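Novice: If it helps, the file is called my_file.txt and holds compact mmCIF, C-alpha atoms:
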# COMPACT_ATOMS: atom_id res chain seq x y z
CA MET A 1236 11.39 22.28 4.57
CA LYS A 1237 9.36 22.14 1.36
CA THR A 1238 9.60 18.65 -0.15
CA THR A 1239 8.11 17.59 -3.47
CA ILE A 1240 7.35 13.90 -3.94
CA CYS A 1241 6.15 12.60 -7.31
CA SER A 1242 5.03 9.41 -9.02
CA TRP A 1243 5.11 8.52 -12.70
CA ASN A 1244 4.25 5.35 -14.59
CA VAL A 1245 6.74 5.79 -17.43
CA ASN A 1246 5.53 2.66 -19.28
CA GLY A 1247 9.00 1.88 -20.55
CA LEU A 1248 11.94 3.77 -19.05
CA ARG A 1249 14.20 3.29 -22.05
CA ALA A 1250 11.72 4.96 -24.39
CA THR A 1251 11.20 7.87 -22.00
CA LEU A 1252 14.96 8.34 -21.80
CA ARG A 1253 15.35 8.23 -25.58
CA THR A 1254 12.78 10.97 -26.09
CA GLY A 1255 14.35 13.12 -23.38
CA ASP A 1256 11.00 13.61 -21.63
CA LEU A 1257 12.17 12.26 -18.28
CA ARG A 1258 15.21 14.50 -18.06
CA ALA A 1259 13.28 17.53 -19.27
CA TRP A 1260 10.67 17.04 -16.55
CA LEU A 1261 13.27 16.47 -13.81
CA GLU A 1262 15.12 19.62 -14.87
CA ARG A 1263 11.93 21.67 -14.98
CA ASP A 1264 10.19 20.58 -11.77
CA GLN A 1265 13.11 19.23 -9.71
CA PRO A 1266 11.12 16.94 -7.42
CA ASP A 1267 12.98 15.69 -4.35
CA VAL A 1268 11.74 12.11 -4.62
CA VAL A 1269 10.33 10.34 -7.68
CA GLY A 1270 8.77 6.89 -7.74
CA MET A 1271 8.45 5.33 -11.17
CA GLN A 1272 6.46 2.29 -12.21
CA GLU A 1273 6.41 -0.03 -15.21
CA VAL A 1274 10.04 0.75 -16.00
CA LYS A 1275 10.37 -2.49 -18.03
CA ALA A 1276 14.16 -2.44 -17.73
CA THR A 1277 17.09 -3.38 -15.52
CA PRO A 1278 19.87 -1.03 -14.34
CA GLU A 1279 22.25 -2.59 -16.86
CA GLN A 1280 19.98 -1.62 -19.75
CA VAL A 1281 19.90 2.14 -19.20
CA ASP A 1282 22.25 5.09 -18.92
CA PRO A 1283 21.56 6.68 -15.52
CA SER A 1284 23.27 9.96 -16.41
CA ALA A 1285 19.88 11.53 -17.26
CA TRP A 1286 19.14 11.73 -13.54
CA ARG A 1287 22.54 11.34 -11.89
CA GLU A 1288 23.83 14.46 -13.62
CA LEU A 1289 20.93 16.28 -11.95
CA GLY A 1290 21.90 15.05 -8.48
CA TYR A 1291 19.61 12.01 -8.12
CA GLN A 1292 20.52 8.61 -6.76
CA ASP A 1293 18.50 5.52 -7.66
CA PHE A 1294 17.14 2.28 -6.23
CA TRP A 1295 15.49 -0.45 -8.29
CA HIS A 1296 13.03 -3.30 -7.86
CA THR A 1297 13.07 -5.20 -11.13
CA ALA A 1298 10.77 -7.98 -12.25
CA GLU A 1299 12.05 -11.48 -12.88
CA ARG A 1300 10.32 -11.48 -16.26
CA PRO A 1301 12.32 -9.41 -18.77
CA GLY A 1302 10.68 -6.24 -20.07
CA TYR A 1303 7.84 -6.39 -17.55
CA SER A 1304 6.66 -4.22 -14.67
CA GLY A 1305 9.47 -2.92 -12.43
CA ALA A 1306 9.84 0.01 -10.04
CA LEU A 1307 12.50 2.69 -9.67
CA LEU A 1308 12.97 5.32 -6.97
CA LEU A 1309 15.00 8.50 -7.50
CA PHE A 1310 16.02 10.72 -4.59
CA LYS A 1311 18.22 13.75 -4.02
CA HIS A 1312 18.99 12.92 -0.39
CA ALA A 1313 19.76 9.35 0.60
CA PRO A 1314 17.13 7.72 2.81
CA ALA A 1315 18.03 6.01 6.06
CA ALA A 1316 16.78 2.69 4.67
CA LEU A 1317 15.57 1.21 1.40
CA ARG A 1318 13.51 -1.94 0.91
CA ALA A 1319 12.21 -3.72 -2.18
CA GLY A 1320 8.97 -5.69 -2.22
CA LEU A 1321 6.32 -6.73 0.27
CA GLY A 1322 8.09 -9.87 1.40
CA ILE A 1323 5.63 -12.04 -0.53
CA ALA A 1324 7.30 -13.99 -3.33
CA GLU A 1325 4.44 -14.03 -5.84
CA PHE A 1326 4.20 -10.24 -5.75
CA ASP A 1327 7.89 -9.46 -5.38
CA ALA A 1328 8.78 -11.48 -8.48
CA GLU A 1329 6.97 -8.81 -10.49
CA GLY A 1330 8.99 -5.85 -9.15
CA ARG A 1331 6.16 -3.72 -7.83
CA VAL A 1332 7.11 -1.99 -4.55
CA ILE A 1333 9.92 0.13 -3.09
CA GLU A 1334 9.97 1.65 0.41
CA ALA A 1335 12.29 4.44 1.56
CA ASP A 1336 12.63 5.85 5.09
CA PHE A 1337 13.30 9.56 5.52
CA GLY A 1338 13.29 10.44 9.22
CA ASP A 1339 9.93 9.28 10.57
CA LEU A 1340 8.43 9.24 7.05
CA THR A 1341 8.24 6.20 4.78
CA VAL A 1342 7.70 6.87 1.08
CA VAL A 1343 6.39 3.94 -0.95
CA THR A 1344 6.16 3.66 -4.72
CA ALA A 1345 3.91 0.88 -5.97
CA TYR A 1346 2.68 -0.53 -9.26
CA PHE A 1347 -0.58 -2.35 -8.64
CA PRO A 1348 -1.53 -5.29 -10.87
CA ASN A 1349 -3.86 -4.91 -13.81
CA GLY A 1350 -6.97 -7.05 -13.60
CA GLY A 1351 -6.54 -8.32 -17.17
CA LYS A 1352 -8.78 -7.76 -20.16
CA LYS A 1353 -11.24 -10.44 -19.06
CA GLY A 1354 -10.67 -10.13 -15.31
CA GLU A 1355 -8.36 -13.13 -15.19
CA ARG A 1356 -6.00 -11.42 -12.72
CA LEU A 1357 -8.62 -9.94 -10.42
CA PRO A 1358 -7.93 -12.49 -7.63
CA PHE A 1359 -4.22 -11.66 -7.83
CA LYS A 1360 -5.02 -7.96 -7.83
CA GLN A 1361 -7.28 -8.29 -4.79
CA ALA A 1362 -4.65 -10.27 -2.91
CA PHE A 1363 -2.09 -7.57 -3.71
CA PHE A 1364 -4.42 -4.82 -2.45
CA GLU A 1365 -4.97 -6.67 0.81
CA ALA A 1366 -1.27 -7.42 1.36
CA PHE A 1367 -0.33 -3.84 0.50
CA LEU A 1368 -2.84 -2.36 2.95
CA MET A 1369 -1.59 -4.69 5.68
CA ARG A 1370 1.96 -3.49 5.05
CA MET A 1371 0.99 0.19 5.16
CA ASP A 1372 -0.92 -0.40 8.41
CA ALA A 1373 2.11 -2.19 9.85
CA LEU A 1374 4.30 0.81 9.06
CA ARG A 1375 1.85 3.13 10.79
CA ALA A 1376 1.61 0.79 13.78
CA ALA A 1377 5.40 1.03 14.04
CA GLY A 1378 5.08 4.82 14.35
CA ARG A 1379 5.84 5.72 10.75
CA LYS A 1380 4.16 8.46 8.76
CA VAL A 1381 3.36 7.06 5.32
CA ILE A 1382 3.08 8.27 1.75
CA PHE A 1383 2.23 5.67 -0.86
CA MET A 1384 1.99 6.54 -4.51
CA GLY A 1385 1.82 4.97 -7.90
CA ASP A 1386 -0.34 3.49 -10.59
CA LEU A 1387 -3.12 1.73 -8.67
CA ASN A 1388 -4.89 0.62 -11.85
CA VAL A 1389 -8.30 1.67 -10.47
CA ALA A 1390 -10.26 4.88 -10.96
CA ARG A 1391 -11.82 5.87 -7.66
CA LEU A 1392 -14.86 8.05 -8.45
CA ASP A 1393 -17.21 8.63 -11.37
CA ILE A 1394 -15.54 11.98 -11.96
CA ASP A 1395 -12.18 10.19 -12.22
CA VAL A 1396 -13.18 8.65 -15.57
CA ALA A 1397 -14.17 10.56 -18.70
CA ARG A 1398 -16.64 7.87 -19.76
CA PRO A 1399 -17.85 5.88 -16.73
CA ALA A 1400 -20.43 3.85 -18.66
CA GLU A 1401 -17.71 2.68 -21.04
CA ALA A 1402 -15.13 2.14 -18.28
CA ILE A 1403 -17.29 -0.14 -16.15
CA LYS A 1404 -17.38 -2.71 -18.93
CA GLY A 1405 -13.76 -3.67 -18.18
CA THR A 1406 -11.36 -3.90 -15.28
CA GLY A 1407 -10.09 -0.78 -13.57
CA PHE A 1408 -13.54 0.55 -12.67
CA LEU A 1409 -15.41 -2.49 -11.42
CA PRO A 1410 -17.40 -2.07 -8.18
CA GLN A 1411 -15.21 -4.53 -6.30
CA GLU A 1412 -12.03 -2.77 -7.44
CA ARG A 1413 -13.37 0.60 -6.33
CA ALA A 1414 -14.34 -0.98 -3.00
CA TRP A 1415 -10.76 -2.17 -2.52
CA LEU A 1416 -9.55 1.36 -3.17
CA GLU A 1417 -12.07 2.81 -0.73
CA GLY A 1418 -10.54 0.45 1.83
CA PHE A 1419 -7.59 2.83 1.95
CA ALA A 1420 -9.89 5.74 2.83
CA THR A 1421 -11.76 3.65 5.41
CA SER A 1422 -8.39 2.85 7.00
CA GLY A 1423 -7.68 6.57 7.31
CA TYR A 1424 -5.44 7.24 4.33
CA VAL A 1425 -6.08 10.41 2.34
CA ASP A 1426 -6.25 10.73 -1.44
CA SER A 1427 -4.17 13.90 -1.57
CA PHE A 1428 -5.53 15.26 -4.85
CA ARG A 1429 -9.18 14.72 -3.92
CA SER A 1430 -8.60 16.18 -0.47
CA MET A 1431 -7.67 19.48 -2.11
CA TYR A 1432 -9.90 19.30 -5.19
CA PRO A 1433 -12.96 17.24 -4.24
CA ASP A 1434 -15.04 18.27 -7.24
CA ALA A 1435 -12.39 18.73 -9.94
CA ARG A 1436 -13.34 17.19 -13.25
CA ASP A 1437 -11.28 16.38 -16.34
CA ALA A 1438 -8.26 15.74 -14.08
CA TYR A 1439 -6.81 12.57 -15.52
CA THR A 1440 -3.45 10.80 -15.29
CA TYR A 1441 -3.80 8.09 -17.95
CA TRP A 1442 -5.10 8.11 -21.50
CA GLU A 1443 -5.53 5.03 -23.67
CA PRO A 1444 -3.09 5.40 -26.58
CA TRP A 1445 -5.48 5.47 -29.50
CA ARG A 1446 -8.07 7.70 -31.19
CA GLU A 1447 -6.27 10.81 -29.90
CA ARG A 1448 -7.70 10.24 -26.44
CA ARG A 1449 -5.01 12.27 -24.75
CA ALA A 1450 -5.46 15.21 -27.10
CA ARG A 1451 -9.21 15.01 -26.44
CA ASN A 1452 -8.64 14.44 -22.69
CA ILE A 1453 -10.65 11.23 -22.57
CA GLY A 1454 -8.82 9.71 -19.66
CA TRP A 1455 -8.72 8.08 -16.25
CA ARG A 1456 -7.28 9.13 -12.88
CA ILE A 1457 -5.56 5.94 -11.76
CA ASP A 1458 -2.27 7.39 -10.47
CA TYR A 1459 -2.34 8.65 -6.88
CA VAL A 1460 -0.46 9.96 -3.90
CA TRP A 1461 -2.09 8.80 -0.65
CA ILE A 1462 -0.93 10.07 2.73
CA SER A 1463 -1.49 8.96 6.29
CA PRO A 1464 -3.72 11.36 8.26
CA ASP A 1465 -0.86 12.65 10.40
CA LEU A 1466 0.57 14.29 7.27
CA ILE A 1467 -2.53 16.38 6.50
CA PRO A 1468 -1.14 19.45 8.33
CA ASN A 1469 2.02 19.20 6.20
CA LEU A 1470 0.27 19.00 2.83
CA GLN A 1471 0.88 22.15 0.81
CA SER A 1472 -0.24 21.11 -2.67
CA ALA A 1473 -1.32 18.15 -4.77
CA PHE A 1474 -0.99 18.22 -8.53
CA ILE A 1475 -1.21 16.40 -11.85
CA CYS A 1476 1.41 17.22 -14.50
CA SER A 1477 -0.81 16.53 -17.50
CA ASP A 1478 1.47 18.52 -19.81
CA VAL A 1479 4.38 16.11 -19.34
CA MET A 1480 4.72 13.69 -22.25
CA GLY A 1481 6.74 10.52 -22.69
CA SER A 1482 4.21 7.96 -21.48
CA ASP A 1483 0.51 7.18 -21.64
CA HIS A 1484 0.49 8.30 -17.99
CA CYS A 1485 1.64 11.64 -16.58
CA PRO A 1486 3.38 12.46 -13.29
CA VAL A 1487 1.41 13.23 -10.14
CA GLY A 1488 2.70 14.58 -6.87
CA VAL A 1489 2.49 16.49 -3.64
CA THR A 1490 4.46 19.20 -1.90
CA LEU A 1491 4.74 18.94 1.87
CA ASP A 1492 6.26 21.17 4.49
CA LEU A 1493 8.31 18.68 6.49
CA PRO A 1494 10.69 19.20 9.41
CA ASP A 1495 14.37 18.92 8.59
CA ALA A 1496 15.57 15.35 9.00
Could you spell out this file's structure in structure tokens?
Specialist:
Amino acid sequence: MKTTICSWNVNGLRATLRTGDLRAWLERDQPDVVGMQEVKATPEQVDPSAWRELGYQDFWHTAERPGYSGALLLFKHAPAALRAGLGIAEFDAEGRVIEADFGDLTVVTAYFPNGGKKGERLPFKQAFFEAFLMRMDALRAAGRKVIFMGDLNVARLDIDVARPAEAIKGTGFLPQERAWLEGFATSGYVDSFRSMYPDARDAYTYWEPWRERRARNIGWRIDYVWISPDLIPNLQSAFICSDVMGSDHCPVGVTLDLPDA
């Protein structure tokens, strides 16, 4: 069964709903599962008809701080189980992680912390990376196949940034951040897009919202779909929807050929 799983940092769900960009994309591409990050809203603050009229159900992990962070998962077929957070209070208060079990597959949407303009949150970010990797490894140890996706707030390779010399001056491309990200690969997880397009350039998922950087494609690839190695035979495609507007990020995703649940 062909299954399309996507991630999108909408950077404000209410704005993306007002413009109609979210609904237009869902209608056009019809992904089976969508993980959204940085929704900056609670269920009471939005009209869910934009996705429910298209056959999607929803599950939220909101932040305690109003208008901040937050994750949302949309799905056409109800999972066997849904979980919010990592079970660690300091991270879960920020509404960053949702897990959903479909058969022997766990799909995780995650919004990784930003390191801050002056690196003030780098220790928090590192602790989150380590806790997240431990959780993914625990799922695999329990016999689960794993897909984790989201805005990881780190560009992995030099070709994942339009201007590496400029990017390295701030967080999101620091050597230690890239090392944390490579920890996923060392642990066996596969960066789905790079597995299919190892040398692709100008393939970005985020553009800073000034000086027409999106129009000029001066961007970063910081949104990912990673898969556990046992899913490699099922991977059919990996893609970046750079034409989809409504946020300073664009959707990314994979299509897998999965057995019927």
Novice: Hey, what's within 12 Å of Asp1434 in chain A if we count only C-alpha atoms and toss same-chain stuff fewer than 6 positions away? As a PyMOL selection string, please?
Specialist: chain A and resi 1392-1395+1428
Novice: Quick check, in Å to one decimal: how far apart do CA of Gly1302 in chain A and CA of Gly1350 in chain A lie?
Specialist: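 About the pair CA of Gly1302 in chain A and CA of Gly1350 in chain A: they are 18.8 Å apart.
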Novice: Fewer than 2 positions away in the same chain doesn't count, so skip those; otherwise give me all residues within 9 Å of range 1256-1263 of chain A, counting all atoms listed in the file, as a short mmCIF file (atom, residue, chain, number, x, y, z; two decimals) with C-alpha atoms, keeping the file's coordinate frame.
Specialist:
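What landed in selection-v9.cif:
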data_model
loop_
_atom_site.label_atom_id
_atom_site.label_comp_id
_atom_site.auth_asym_id
_atom_site.auth_seq_id
_atom_site.Cartn_x
_atom_site.Cartn_y
_atom_site.Cartn_z
CA VAL A 1245 6.74 5.79 -17.43
CA LEU A 1248 11.94 3.77 -19.05
CA THR A 1251 11.20 7.87 -22.00
CA LEU A 1252 14.96 8.34 -21.80
CA ARG A 1253 15.35 8.23 -25.58
CA THR A 1254 12.78 10.97 -26.09
CA GLN A 1265 13.11 19.23 -9.71
CA PRO A 1266 11.12 16.94 -7.42
CA ALA A 1285 19.88 11.53 -17.26
CA TRP A 1286 19.14 11.73 -13.54
CA LEU A 1289 20.93 16.28 -11.95
CA VAL A 1479 4.38 16.11 -19.34
CA MET A 1480 4.72 13.69 -22.25
CA GLY A 1481 6.74 10.52 -22.69
CA SER A 1482 4.21 7.96 -21.48
#
Novice: Which residue, A:Lys1311, A:Trp1461, A:Glu1447, A:Gly1338, has the smallest gap to Met1371 in chain A when you use all atoms listed in the file?
Specialist: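 Of A:Lys1311, A:Trp1461, A:Glu1447, A:Gly1338, the one nearest Met1371 in chain A is A:Trp1461, counting all atoms listed in the file.
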Novice: Please determine the residues with any atom at most 9 Å from (-12.6, 2.8, -8.3) (coordinates as given in the file, with all atoms listed in the file counting) and report them as a list in words.
Specialist: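 Neighbouring residues, ordered by chain and number, come to Asn1388, Val1389, Ala1390, Arg1391, Leu1392, Asp1393, Asp1395, Gly1407, Phe1408, Leu1409, Pro1410, Gln1411, Glu1412, Arg1413, Ala1414, Trp1415, Leu1416, Glu1417 and Ile1457 of chain A.
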Novice: Please list as a VMD selection string every residue within 10 Å of range 1377-1387 of chain A, counting all atoms listed in the file and excluding residues in the same chain fewer than 5 positions away.
Specialist: chain A and resid 1240 to 1244 1269 to 1273 1306 1331 to 1349 1360 1364 1367 1371 to 1372 1407 1416 1424 to 1427 1440 to 1441 1456 to 1466 1484 1486 to 1489
